[in-house]
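Visitor: File coords-v1.cif below, mmCIF, C-alpha atoms:
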```
data_structure
#
loop_
_atom_site.label_atom_id
_atom_site.label_comp_id
_atom_site.auth_asym_id
_atom_site.auth_seq_id
_atom_site.Cartn_x
_atom_site.Cartn_y
_atom_site.Cartn_z
CA MET A 135 19.42 -63.58 -159.20
CA SER A 136 19.63 -60.24 -161.01
CA TYR A 137 18.98 -56.79 -159.63
CA LEU A 138 18.51 -53.40 -161.29
CA ALA A 139 19.85 -50.36 -159.50
CA TRP A 140 17.71 -47.25 -159.75
CA LEU A 141 19.43 -44.05 -160.86
CA ASP A 142 17.75 -40.69 -160.42
CA HIS A 143 17.91 -39.13 -163.87
CA SER A 144 15.56 -37.30 -166.22
CA GLU A 145 11.90 -38.17 -166.70
CA GLN A 146 12.69 -39.54 -170.16
CA GLN A 147 15.37 -41.82 -168.73
CA ARG A 148 13.01 -42.87 -165.95
CA ARG A 149 10.39 -43.90 -168.50
CA LYS A 150 12.99 -45.92 -170.38
CA MET A 151 13.93 -47.67 -167.12
CA LEU A 152 10.26 -48.46 -166.47
CA ASP A 153 10.08 -50.04 -169.92
CA ILE A 154 13.19 -52.13 -169.24
CA ILE A 155 11.79 -53.30 -165.91
CA ASP A 156 8.56 -54.32 -167.63
CA LEU A 157 10.51 -56.38 -170.14
CA PHE A 158 12.33 -58.24 -167.34
CA ARG A 159 9.03 -58.84 -165.57
CA GLU A 160 7.11 -59.90 -168.66
CA GLN A 161 6.84 -63.60 -167.79
CA GLU A 162 4.63 -64.46 -164.85
CA THR A 163 6.03 -66.86 -162.29
CA ARG A 164 4.68 -70.29 -163.22
CA ASP A 165 2.67 -72.14 -160.61
CA GLU A 166 4.69 -75.35 -160.50
CA LEU A 167 3.73 -76.33 -156.95
CA GLY A 168 0.02 -75.53 -157.05
CA LEU A 169 0.14 -72.34 -155.00
CA GLY A 170 -1.89 -70.29 -157.47
CA GLY A 171 -5.07 -70.34 -155.39
CA ILE A 172 -3.32 -68.71 -152.44
CA ARG A 173 -1.38 -66.33 -154.68
CA ASP A 174 -4.59 -65.20 -156.38
CA ALA A 175 -6.43 -64.84 -153.08
CA PHE A 176 -3.99 -62.15 -152.00
CA GLY A 177 -3.75 -60.74 -155.52
CA ASP A 178 -7.50 -60.15 -155.49
CA LEU A 179 -7.41 -58.65 -152.00
CA LEU A 180 -4.57 -56.27 -152.79
CA PHE A 181 -5.15 -55.48 -156.46
CA PRO A 182 -8.77 -56.30 -157.38
CA GLY A 183 -9.65 -56.23 -161.05
CA THR A 184 -6.06 -56.75 -162.18
CA SER A 185 -4.43 -59.76 -163.80
CA THR A 186 -0.97 -60.83 -164.90
CA VAL A 187 -1.80 -60.28 -168.58
CA GLN A 188 -2.99 -56.70 -168.25
CA THR A 189 -0.49 -54.04 -169.20
CA ARG A 190 -1.63 -50.40 -169.03
CA ALA A 191 -4.38 -48.46 -167.29
CA ARG A 192 -5.95 -46.84 -170.34
CA TYR A 193 -7.16 -50.21 -171.63
CA PHE A 194 -9.81 -49.90 -168.89
CA LEU A 195 -11.18 -47.10 -171.10
CA PHE A 196 -10.23 -48.39 -174.55
CA VAL A 197 -12.47 -51.45 -174.27
CA PRO A 198 -15.69 -49.71 -173.13
CA TRP A 199 -15.08 -46.90 -175.63
CA MET A 200 -14.87 -49.46 -178.42
CA TYR A 201 -18.00 -51.31 -177.38
CA SER A 202 -19.94 -48.12 -176.73
CA GLY A 203 -19.13 -47.11 -180.28
CA LEU A 204 -20.38 -50.43 -181.63
CA GLU A 205 -23.58 -50.06 -179.64
CA ALA A 206 -24.05 -46.52 -180.95
CA GLY A 207 -23.78 -47.95 -184.46
CA ARG A 208 -26.30 -50.69 -183.61
CA VAL A 209 -23.89 -53.46 -184.58
CA SER A 210 -25.86 -56.70 -184.48
CA SER A 211 -25.21 -59.65 -182.21
CA ALA A 212 -24.15 -61.68 -185.24
CA ASP A 213 -21.51 -59.14 -186.26
CA ALA A 214 -20.35 -57.92 -182.84
CA ALA A 215 -17.41 -60.25 -182.27
CA ALA A 216 -15.95 -59.79 -185.75
CA LYS A 217 -16.34 -56.00 -185.75
CA ALA A 218 -14.92 -55.72 -182.24
CA ARG A 219 -11.90 -57.73 -183.33
CA ARG A 220 -11.30 -55.41 -186.28
CA GLU A 221 -11.51 -52.40 -183.96
CA GLU A 222 -9.00 -53.95 -181.58
CA VAL A 223 -6.55 -54.60 -184.40
CA VAL A 224 -6.95 -50.98 -185.48
CA LEU A 225 -6.18 -49.97 -181.89
CA ILE A 226 -2.93 -51.96 -181.96
CA GLU A 227 -1.84 -50.08 -185.06
CA GLY A 228 -2.97 -46.78 -183.56
CA LEU A 229 -0.93 -47.28 -180.39
CA ILE A 230 2.19 -48.26 -182.31
CA ALA A 231 1.78 -45.29 -184.65
CA GLY A 232 1.37 -43.13 -181.54
CA GLY A 233 4.83 -44.15 -180.37
CA GLU A 234 3.89 -46.75 -177.76
CA LYS A 235 6.40 -49.59 -177.55
CA VAL A 236 5.79 -51.33 -174.21
CA GLY A 237 2.45 -52.69 -173.07
CA VAL A 238 0.72 -52.84 -176.46
CA ILE A 239 -1.26 -56.08 -176.37
CA GLY A 240 -0.82 -57.80 -179.73
CA SER A 241 2.07 -55.67 -180.97
CA GLU A 242 3.79 -58.75 -182.38
CA ALA A 243 0.81 -60.85 -183.46
CA ARG A 244 -1.27 -58.00 -184.92
CA GLN A 245 -4.15 -59.51 -186.94
CA SER A 246 -3.36 -63.05 -185.78
CA LEU A 247 -3.74 -62.08 -182.11
CA LYS A 248 -5.67 -64.76 -180.26
CA ARG A 249 -6.32 -63.12 -176.88
CA LEU A 250 -7.72 -59.65 -177.43
CA PRO A 251 -7.46 -56.75 -174.96
CA SER A 252 -11.23 -56.89 -174.42
CA SER A 253 -10.96 -60.44 -173.07
CA VAL A 254 -7.90 -59.56 -170.98
CA TYR A 255 -9.73 -56.69 -169.26
CA TRP A 256 -13.28 -58.10 -169.21
CA GLN A 257 -13.18 -59.35 -165.62
CA GLY A 258 -11.45 -56.22 -164.36
CA LEU A 259 -14.01 -53.97 -166.05
CA GLY A 260 -16.72 -55.83 -164.17
CA SER A 261 -14.81 -55.69 -160.88
CA TRP A 262 -14.50 -51.92 -161.15
CA GLU A 263 -18.12 -51.70 -162.41
CA ILE A 264 -17.17 -49.91 -165.57
CA ARG A 265 -18.87 -52.83 -167.26
CA LYS A 266 -22.46 -53.04 -166.03
CA PHE A 267 -23.41 -56.07 -168.10
CA HIS A 268 -23.36 -59.19 -165.92
CA GLY A 269 -22.01 -62.04 -167.98
CA GLN A 270 -19.22 -63.32 -170.17
CA GLN A 271 -18.03 -61.54 -173.29
CA ASP A 272 -19.75 -63.91 -175.71
CA GLN A 273 -22.97 -63.54 -173.73
CA TYR A 274 -22.66 -59.78 -174.10
CA HIS A 275 -22.29 -60.13 -177.87
CA ARG A 276 -25.40 -62.32 -178.05
CA SER A 277 -27.38 -59.89 -175.91
CA LEU A 278 -26.95 -56.83 -178.12
CA ASP A 279 -30.00 -57.35 -180.37
CA ARG A 280 -32.18 -57.78 -177.30
CA TYR A 281 -30.58 -54.69 -175.74
CA TYR A 282 -31.39 -52.55 -178.78
CA ARG A 283 -35.02 -53.70 -178.73
CA ALA A 284 -35.30 -52.90 -175.03
CA ALA A 285 -33.72 -49.48 -175.56
CA ALA A 286 -36.15 -48.65 -178.37
CA ALA A 287 -39.12 -49.57 -176.19
CA ALA A 288 -37.89 -47.88 -173.00
CA THR A 289 -39.77 -45.01 -171.39
CA ARG A 290 -37.69 -41.85 -171.59
CA ASN A 291 -37.54 -38.59 -169.66
CA ASP A 292 -37.63 -35.08 -171.12
CA ASP A 293 -33.92 -35.30 -171.99
CA GLY A 294 -34.46 -38.44 -174.02
CA GLU A 295 -32.70 -40.64 -171.49
CA PRO A 296 -34.22 -43.97 -170.42
CA VAL A 297 -35.96 -43.71 -167.06
CA ASP A 298 -33.88 -45.30 -164.30
CA GLY A 299 -34.79 -48.91 -163.70
CA ILE A 300 -36.32 -49.39 -167.13
CA LEU A 301 -33.13 -50.11 -169.09
CA ARG A 302 -29.92 -51.49 -167.66
CA ARG A 303 -26.89 -49.95 -169.33
CA ASN A 304 -24.04 -52.15 -170.45
CA TRP A 305 -21.40 -49.55 -169.53
CA ASP A 306 -21.07 -46.99 -166.77
CA HIS A 307 -22.86 -43.76 -167.66
CA GLY A 308 -19.96 -41.69 -166.27
CA LEU A 309 -17.46 -43.05 -168.80
CA PRO A 310 -15.22 -40.20 -170.07
CA ALA A 311 -15.79 -38.95 -173.60
CA VAL A 312 -14.14 -40.88 -176.43
CA PRO A 313 -11.06 -38.99 -177.72
CA ALA A 314 -11.10 -37.73 -181.30
CA GLY A 315 -9.62 -40.22 -183.74
CA PHE A 316 -9.95 -43.26 -181.48
CA PRO A 317 -9.01 -46.07 -182.15
CA LYS A 318 -6.88 -45.11 -185.16
CA SER A 319 -5.14 -42.56 -182.97
CA ALA A 320 -4.28 -43.60 -179.40
CA THR A 321 -1.63 -43.49 -176.68
CA PHE A 322 -1.44 -44.77 -173.12
CA ALA A 323 -1.26 -41.25 -171.66
CA LEU A 324 -4.35 -40.68 -169.53
CA GLN A 325 -6.03 -37.29 -169.52
CA GLU A 326 -6.66 -35.91 -166.05
CA ALA A 327 -10.42 -36.46 -166.26
CA GLU A 328 -9.84 -40.05 -167.36
CA ALA A 329 -7.44 -40.72 -164.49
CA ARG A 330 -9.88 -39.19 -161.99
CA TYR A 331 -12.62 -41.41 -163.37
CA LEU A 332 -10.54 -44.57 -162.87
CA VAL A 333 -9.62 -43.50 -159.34
CA GLY A 334 -13.31 -42.96 -158.66
CA ARG A 335 -14.23 -46.44 -159.87
CA ILE A 336 -11.49 -48.06 -157.75
CA ASP A 337 -12.49 -46.04 -154.68
CA ALA A 338 -16.17 -46.85 -155.17
CA ARG A 339 -15.72 -50.59 -155.60
CA HIS A 340 -12.53 -51.41 -153.66
CA PRO A 341 -11.82 -48.58 -151.23
CA ASP A 342 -9.85 -50.75 -148.79
CA SER A 343 -7.52 -52.31 -151.35
CA LEU A 344 -3.83 -51.59 -151.82
CA LEU A 345 -4.67 -50.50 -155.36
CA ALA A 346 -6.91 -47.73 -153.99
CA PHE A 347 -4.14 -46.71 -151.59
CA LEU A 348 -1.60 -46.51 -154.42
CA THR A 349 -3.79 -44.44 -156.74
CA GLY A 350 -4.44 -42.07 -153.85
CA GLN A 351 -0.75 -41.25 -153.36
CA ARG A 352 0.40 -37.65 -153.61
CA CYS A 353 3.17 -38.53 -156.04
CA ALA A 354 4.67 -41.47 -157.90
CA TRP A 355 7.42 -43.63 -156.42
CA GLU A 356 10.49 -45.35 -157.75
CA PRO A 357 9.53 -48.81 -159.10
CA CYS A 358 10.19 -51.55 -156.56
CA ALA A 359 10.34 -55.33 -156.72
CA PHE A 360 7.56 -56.15 -154.25
CA PRO A 361 4.48 -54.33 -152.92
CA TRP A 362 5.78 -54.46 -149.35
CA GLU A 363 8.78 -52.40 -150.47
CA HIS A 364 6.57 -49.42 -151.32
CA PRO A 365 7.82 -46.47 -149.25
CA ALA A 366 4.40 -45.59 -147.82
CA THR A 367 3.31 -49.00 -146.49
CA GLY A 368 3.55 -47.61 -142.95
CA GLU A 369 0.47 -45.52 -143.73
CA LEU A 370 -1.75 -48.54 -144.46
CA ASN A 371 -4.70 -49.29 -142.21
CA PRO A 372 -4.17 -52.25 -139.84
CA GLU A 373 -6.24 -54.75 -141.83
CA LEU A 374 -4.56 -53.98 -145.14
CA ARG A 375 -1.15 -53.96 -143.49
CA GLY A 376 -1.99 -57.38 -142.09
CA HIS A 377 -2.95 -58.73 -145.52
CA LEU A 378 0.28 -57.41 -147.01
CA GLU A 379 2.34 -58.97 -144.22
CA HIS A 380 0.65 -62.35 -144.72
CA ALA A 381 1.42 -62.04 -148.43
CA ARG A 382 5.06 -61.14 -147.76
CA LEU A 383 5.73 -63.99 -145.35
CA PHE A 384 4.04 -66.54 -147.58
CA SER A 385 6.03 -65.34 -150.60
CA LEU A 386 9.27 -65.51 -148.64
CA SER A 387 8.66 -68.86 -146.98
CA LEU A 388 7.39 -70.77 -150.01
CA HIS A 389 10.12 -69.39 -152.25
CA GLY A 390 12.33 -72.01 -150.67
CA ALA A 391 10.04 -74.78 -151.90
CA ALA A 392 10.25 -73.43 -155.46
CA LEU A 393 14.05 -73.28 -155.26
CA LEU A 394 14.26 -76.80 -153.85
CA TYR A 395 12.04 -78.09 -156.65
CA ASN A 396 14.39 -76.61 -159.22
CA LEU A 397 17.40 -77.97 -157.35
CA LEU A 398 15.89 -81.45 -157.58
CA LEU A 399 15.35 -80.94 -161.31
CA ALA A 400 18.93 -79.75 -161.79
CA GLU A 401 20.27 -82.76 -159.91
CA LYS A 402 18.04 -85.11 -161.89
CA ALA A 403 19.25 -83.53 -165.14
CA ALA A 404 22.88 -83.79 -163.92
CA HIS A 405 23.41 -80.13 -164.76
CA GLY A 406 26.24 -79.04 -162.51
CA GLU A 407 26.00 -75.28 -163.12
CA TRP A 408 22.29 -75.12 -162.42
CA THR A 409 22.66 -77.42 -159.41
CA GLU A 410 25.22 -75.09 -157.87
CA ALA A 411 23.11 -72.02 -158.68
CA TYR A 412 20.07 -73.42 -156.89
CA ARG A 413 22.13 -74.58 -153.93
CA GLU A 414 23.44 -71.03 -153.61
CA GLY A 415 19.93 -69.67 -154.07
CA LEU A 416 18.66 -71.80 -151.22
CA GLY A 417 21.50 -70.56 -149.04
CA GLU A 418 20.53 -66.95 -149.80
CA TRP A 419 16.88 -67.79 -149.10
CA ALA A 420 17.80 -69.33 -145.74
CA ALA A 421 19.75 -66.18 -144.82
CA GLU A 422 16.74 -64.04 -145.74
CA MET A 423 14.52 -66.27 -143.62
CA GLU A 424 16.82 -65.73 -140.64
CA GLU A 425 16.74 -61.97 -141.22
CA ALA A 426 12.94 -62.14 -141.03
CA GLU A 427 12.99 -64.36 -137.92
CA GLY A 428 11.05 -61.92 -135.73
CA ALA A 429 8.22 -61.51 -138.22
CA LEU A 430 8.10 -65.23 -138.95
CA ARG A 431 7.88 -66.09 -135.25
CA ARG A 432 5.01 -63.61 -134.84
CA TRP A 433 3.21 -64.86 -137.95
CA ASP A 434 -0.35 -65.88 -137.08
CA ARG A 435 -0.76 -68.79 -139.46
CA ASP A 436 -4.29 -69.54 -138.31
CA ARG A 437 -5.26 -66.00 -139.24
CA PHE A 438 -3.41 -66.43 -142.55
CA TRP A 439 -5.59 -69.41 -143.47
CA GLN A 440 -8.75 -67.56 -142.43
CA VAL A 441 -7.89 -64.75 -144.82
CA VAL A 442 -7.06 -67.20 -147.62
CA ARG A 443 -10.25 -69.23 -147.24
CA ARG A 444 -12.42 -66.12 -147.12
CA ALA A 445 -10.79 -64.69 -150.24
CA ASN A 446 -10.69 -67.98 -152.16
CA PRO A 447 -12.75 -70.86 -150.78
CA ALA A 448 -11.54 -73.02 -153.68
CA VAL A 449 -8.09 -73.53 -152.13
CA THR A 450 -7.94 -77.27 -151.50
CA SER A 451 -7.13 -79.11 -148.31
CA ARG A 452 -4.23 -80.80 -150.14
CA THR A 453 -2.72 -77.41 -150.90
CA GLN A 454 -3.17 -76.33 -147.31
CA SER A 455 -1.51 -79.52 -146.10
CA PHE A 456 1.46 -79.07 -148.43
CA VAL A 457 2.01 -75.46 -147.35
CA SER A 458 1.58 -76.29 -143.66
CA ASP A 459 3.98 -79.23 -143.90
CA TRP A 460 6.58 -77.07 -145.62
CA LEU A 461 6.26 -74.32 -143.03
CA ASP A 462 6.53 -76.82 -140.21
CA MET A 463 9.86 -77.96 -141.68
CA ALA A 464 11.22 -74.50 -142.53
CA LEU A 465 10.25 -72.73 -139.30
CA PRO A 466 11.69 -71.55 -137.04
CA PRO A 467 14.01 -69.86 -139.56
CA ALA A 468 17.16 -71.51 -138.21
CA ARG A 469 15.95 -74.72 -139.85
CA ALA A 470 15.90 -73.16 -143.31
CA GLN A 471 19.63 -73.82 -143.79
CA ASP A 472 18.92 -77.54 -143.54
CA MET A 473 16.27 -77.62 -146.29
CA ARG A 474 18.76 -78.25 -149.13
CA GLU A 475 19.62 -81.65 -147.73
CA SER A 476 16.42 -82.50 -145.86
CA LEU A 477 15.09 -85.85 -147.09
CA LYS A 478 11.65 -84.98 -145.72
CA ALA A 479 11.57 -81.66 -147.59
CA ARG A 480 12.74 -83.30 -150.80
CA ALA A 481 10.10 -86.02 -150.48
CA LEU A 482 7.42 -83.42 -149.80
CA VAL A 483 8.24 -81.44 -152.96
CA ARG A 484 8.61 -84.60 -155.05
CA THR A 485 5.24 -85.93 -153.88
CA ARG A 486 3.59 -82.56 -154.50
CA GLU A 487 4.72 -82.54 -158.13
CA GLN A 488 3.52 -86.11 -158.58
CA VAL A 489 0.09 -85.25 -157.19
CA LEU A 490 -0.23 -82.20 -159.44
CA LYS A 491 1.21 -83.54 -162.70
CA GLY A 492 0.86 -87.28 -162.58
CA GLU A 493 2.69 -88.92 -165.46
CA GLN A 494 4.01 -85.54 -166.62
CA ALA A 495 5.93 -84.92 -163.40
CA ARG A 496 9.45 -83.92 -164.44
CA LEU A 497 11.08 -85.74 -161.55
CA GLN A 498 9.51 -88.98 -162.83
CA ASN A 499 9.34 -88.42 -166.59
CA GLN A 500 12.62 -88.02 -168.47
CA ARG A 501 11.00 -86.51 -171.56
CA ALA A 502 9.21 -83.93 -169.44
CA LEU A 503 12.49 -83.17 -167.68
CA GLU A 504 14.19 -82.55 -171.02
CA ARG A 505 11.70 -79.72 -171.66
CA TRP A 506 12.79 -77.93 -168.46
CA ASN A 507 14.65 -74.74 -169.35
CA GLY A 508 16.47 -74.30 -166.05
CA ALA A 509 13.85 -72.24 -164.22
CA ALA A 510 10.42 -73.63 -163.42
CA GLY A 511 8.47 -71.26 -161.21
CA SER A 512 11.64 -70.26 -159.38
CA GLY A 513 10.75 -66.59 -158.93
CA ARG A 514 9.22 -65.03 -155.84
CA ILE A 515 5.45 -64.62 -155.74
CA THR A 516 4.65 -60.94 -156.25
CA TYR A 517 0.83 -61.06 -156.48
CA ARG A 518 0.67 -59.25 -159.89
CA TRP A 519 2.64 -56.36 -158.41
CA TRP A 520 4.49 -55.47 -161.62
CA ARG A 521 1.15 -55.06 -163.45
CA ALA A 522 -0.66 -53.28 -160.63
CA GLU A 523 2.27 -50.94 -160.08
CA ARG A 524 2.38 -49.95 -163.74
CA ILE A 525 -1.39 -49.36 -163.83
CA ALA A 526 -1.24 -47.24 -160.67
CA LEU A 527 1.71 -45.21 -161.99
CA ASP A 528 -0.17 -44.61 -165.25
CA ILE A 529 -3.06 -43.19 -163.25
CA LEU A 530 -0.84 -40.99 -161.10
CA GLU A 531 0.87 -39.61 -164.17
CA GLY A 532 -2.55 -38.80 -165.63
CA LEU A 533 -3.33 -36.91 -162.43
CA GLY A 534 -0.10 -34.94 -162.77
CA ARG A 535 1.47 -36.72 -159.82
CA GLY A 536 4.32 -38.38 -161.70
CA ARG A 537 7.89 -37.77 -160.62
CA LYS A 538 9.38 -34.49 -161.82
CA ASP A 539 13.03 -35.55 -162.03
CA ALA A 540 15.53 -32.87 -162.82
#
```
Rewrite the coordinates I just gave you, this time as structure tokens.
Guide:
Amino acid sequence: MSYLAWLDHSEQQRRKMLDIIDLFREQETRDELGLGGIRDAFGDLLFPGTSTVQTRARYFLFVPWMYSGLEAGRVSSADAAAKARREEVVLIEGLIAGGEKVGVIGSEARQSLKRLPSSVYWQGLGSWEIRKFHGQQDQYHRSLDRYYRAAAAATRNDDGEPVDGILRRNWDHGLPAVPAGFPKSATFALQEAEARYLVGRIDARHPDSLLAFLTGQRCAWEPCAFPWEHPATGELNPELRGHLEHARLFSLSLHGAALLYNLLLAEKAAHGEWTEAYREGLGEWAAEMEEAEGALRRWDRDRFWQVVRRANPAVTSRTQSFVSDWLDMALPPARAQDMRESLKARALVRTREQVLKGEQARLQNQRALERWNGAAGSGRITYRWWRAERIALDILEGLGRGRKDA
């Protein structure tokens, strides 16, 4: 377990520390025990429109600016994907030339990039209703010829604009103006009007989310490891505070299952150093569980499952059974110290991996075990926090609410 202490230095040093933190957080916790449905349910509740592969807030403008430019040039459906790709590669070069080093999607791959920023942000653009087109990205490309024909035939008012209801726009009409030189010239620094626009979209579509709360803060905060460590969580409304508490207790409680899974792998691999590390990690987890005893005893697990099912009906009954069985073993918190040696807990985790991975289960397949690098989904669930936090801080800095360190 590694920790970074925060030192209060200059703004330049603070930005460097943010970049370092992003590098440490770069890899998303892998979903080795099939908890992704629950994780994403709370991720969507707290930070709608975000994902673990997003990096910076201004991409929410870069993508619609690019496509609006292609539409203005009447790029055909047949050419849309190829021309959009070229524009996105130009954007990579523009950001790097502009001095951006962290968060540039495709900075290493450049022209060979497989997952473009437009695909990374497509769902989020729809969630925030910056993208008005209802459909997948390839469907949008195919629709452009039809869109141009409809635009040419649309009834227009005295200002030359299509009459409302006649033509559905693909992008929000309030989109800020494209900066001069884009995409050859670009940085991640949001202009104030751009930041206000993004805040407006979040407030309009997801006013009760933690993301809306964060982008409404009066000033930026020191980066923290988890959303429940934000200094202003006491100001949340009761429902949002409840969601965040469910998320916290689930993350804490199921972290033990992830650690036990890795302990079993370390024992199976006969790796003494890793075995000892995970035994110690489980001891630290048990101590943290005991520290949270009051909250865990008050935890309304029936309400927890109601929230999960409403947010993500696709969570399976098998997943619910696994989580419930684990919690029954680990709670009350005094039992957590026994989970390292518990035969029932070990069997539960072993069976869960078998159900999820079949013949590729590492605890059953030696060749699969040999590909284990010592940490398989062993980190705490953070619900995309490191991405959402960075996006929110980008917006606050654009609003002039960043920290003014001496």
Visitor: Tell me which residues the PyMOL selection byres ((chain A and resi 312-323) around 6) grabs here, as a count of residues only.
Guide: 8
Visitor: Please report, as JSON lines, each residue of stretch 219-291 of chain A lying at most 12 Å from stretch 169-178 of chain A, together with the nearest pair of atoms and the separation in Å rounded to one decimal; use only C-alpha atoms, and order rows by chain and ascending residue number.
Guide:
```
{"residue": "A:Gln257", "atom": "CA", "partner": "A:Asp178", "partner_atom": "CA", "distance": 11.6}
{"residue": "A:Gly258", "atom": "CA", "partner": "A:Asp178", "partner_atom": "CA", "distance": 10.5}
{"residue": "A:Ser261", "atom": "CA", "partner": "A:Asp178", "partner_atom": "CA", "distance": 10.1}
```
Visitor: Which of these, A:Asp528, A:Glu523, A:Glu487, A:Asp272, has the shortest distance to A:Leu167 once you count all atoms listed in the file?
Guide: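 Of all the options, A:Glu487 lies closest to A:Leu167.
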Visitor: Residues picked by the PyMOL selection byres ((chain A and resi 426-442) around 10) here, as a PyMOL selection string?
Guide: chain A and resi 171-176+179+376-377+379-381+383-384+386-387+420-425+443-449+454+458+461+465-468
Visitor: Given the PyMOL selection byres ((chain A and resi 374) around 10) and the file above, list the residues it selects as JSON, numbers by chain.
Guide: {"A": [179, 180, 342, 343, 344, 347, 367, 369, 370, 371, 372, 373, 375, 376, 377, 378, 379, 380]}
Visitor: Write out as a list of chain:residue names which residues come within 10 Å of A:Ile336 when counting only C-alpha atoms, dropping same-chain ones fewer than 2 positions away.
Guide: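 Listed by chain and then number, they are A:Phe181, A:Pro182, A:Gly183, A:Ser261, A:Trp262, A:Glu263, A:Ile264, A:Arg330, A:Tyr331, A:Leu332, A:Val333, A:Gly334, A:Ala338, A:Arg339, A:His340, A:Pro341, A:Asp342, A:Ser343, A:Leu345, A:Ala346, A:Phe347, A:Thr349.
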Visitor: Could you jot down the atom CA of A:Leu482 to atom CA of A:His405 separation for me, Å, one decimal place?
Guide: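 Distance between the two atoms: 22.1 Å.
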Visitor: List the neighbours of A:Gly417 out to 12 Å using all atoms listed in the file; skip same-chain residues closer than 2 positions along the sequence, and give me the result as a PyMOL selection string.
Guide: chain A and resi 389-390+393-394+397+410-415+419-424+468-475
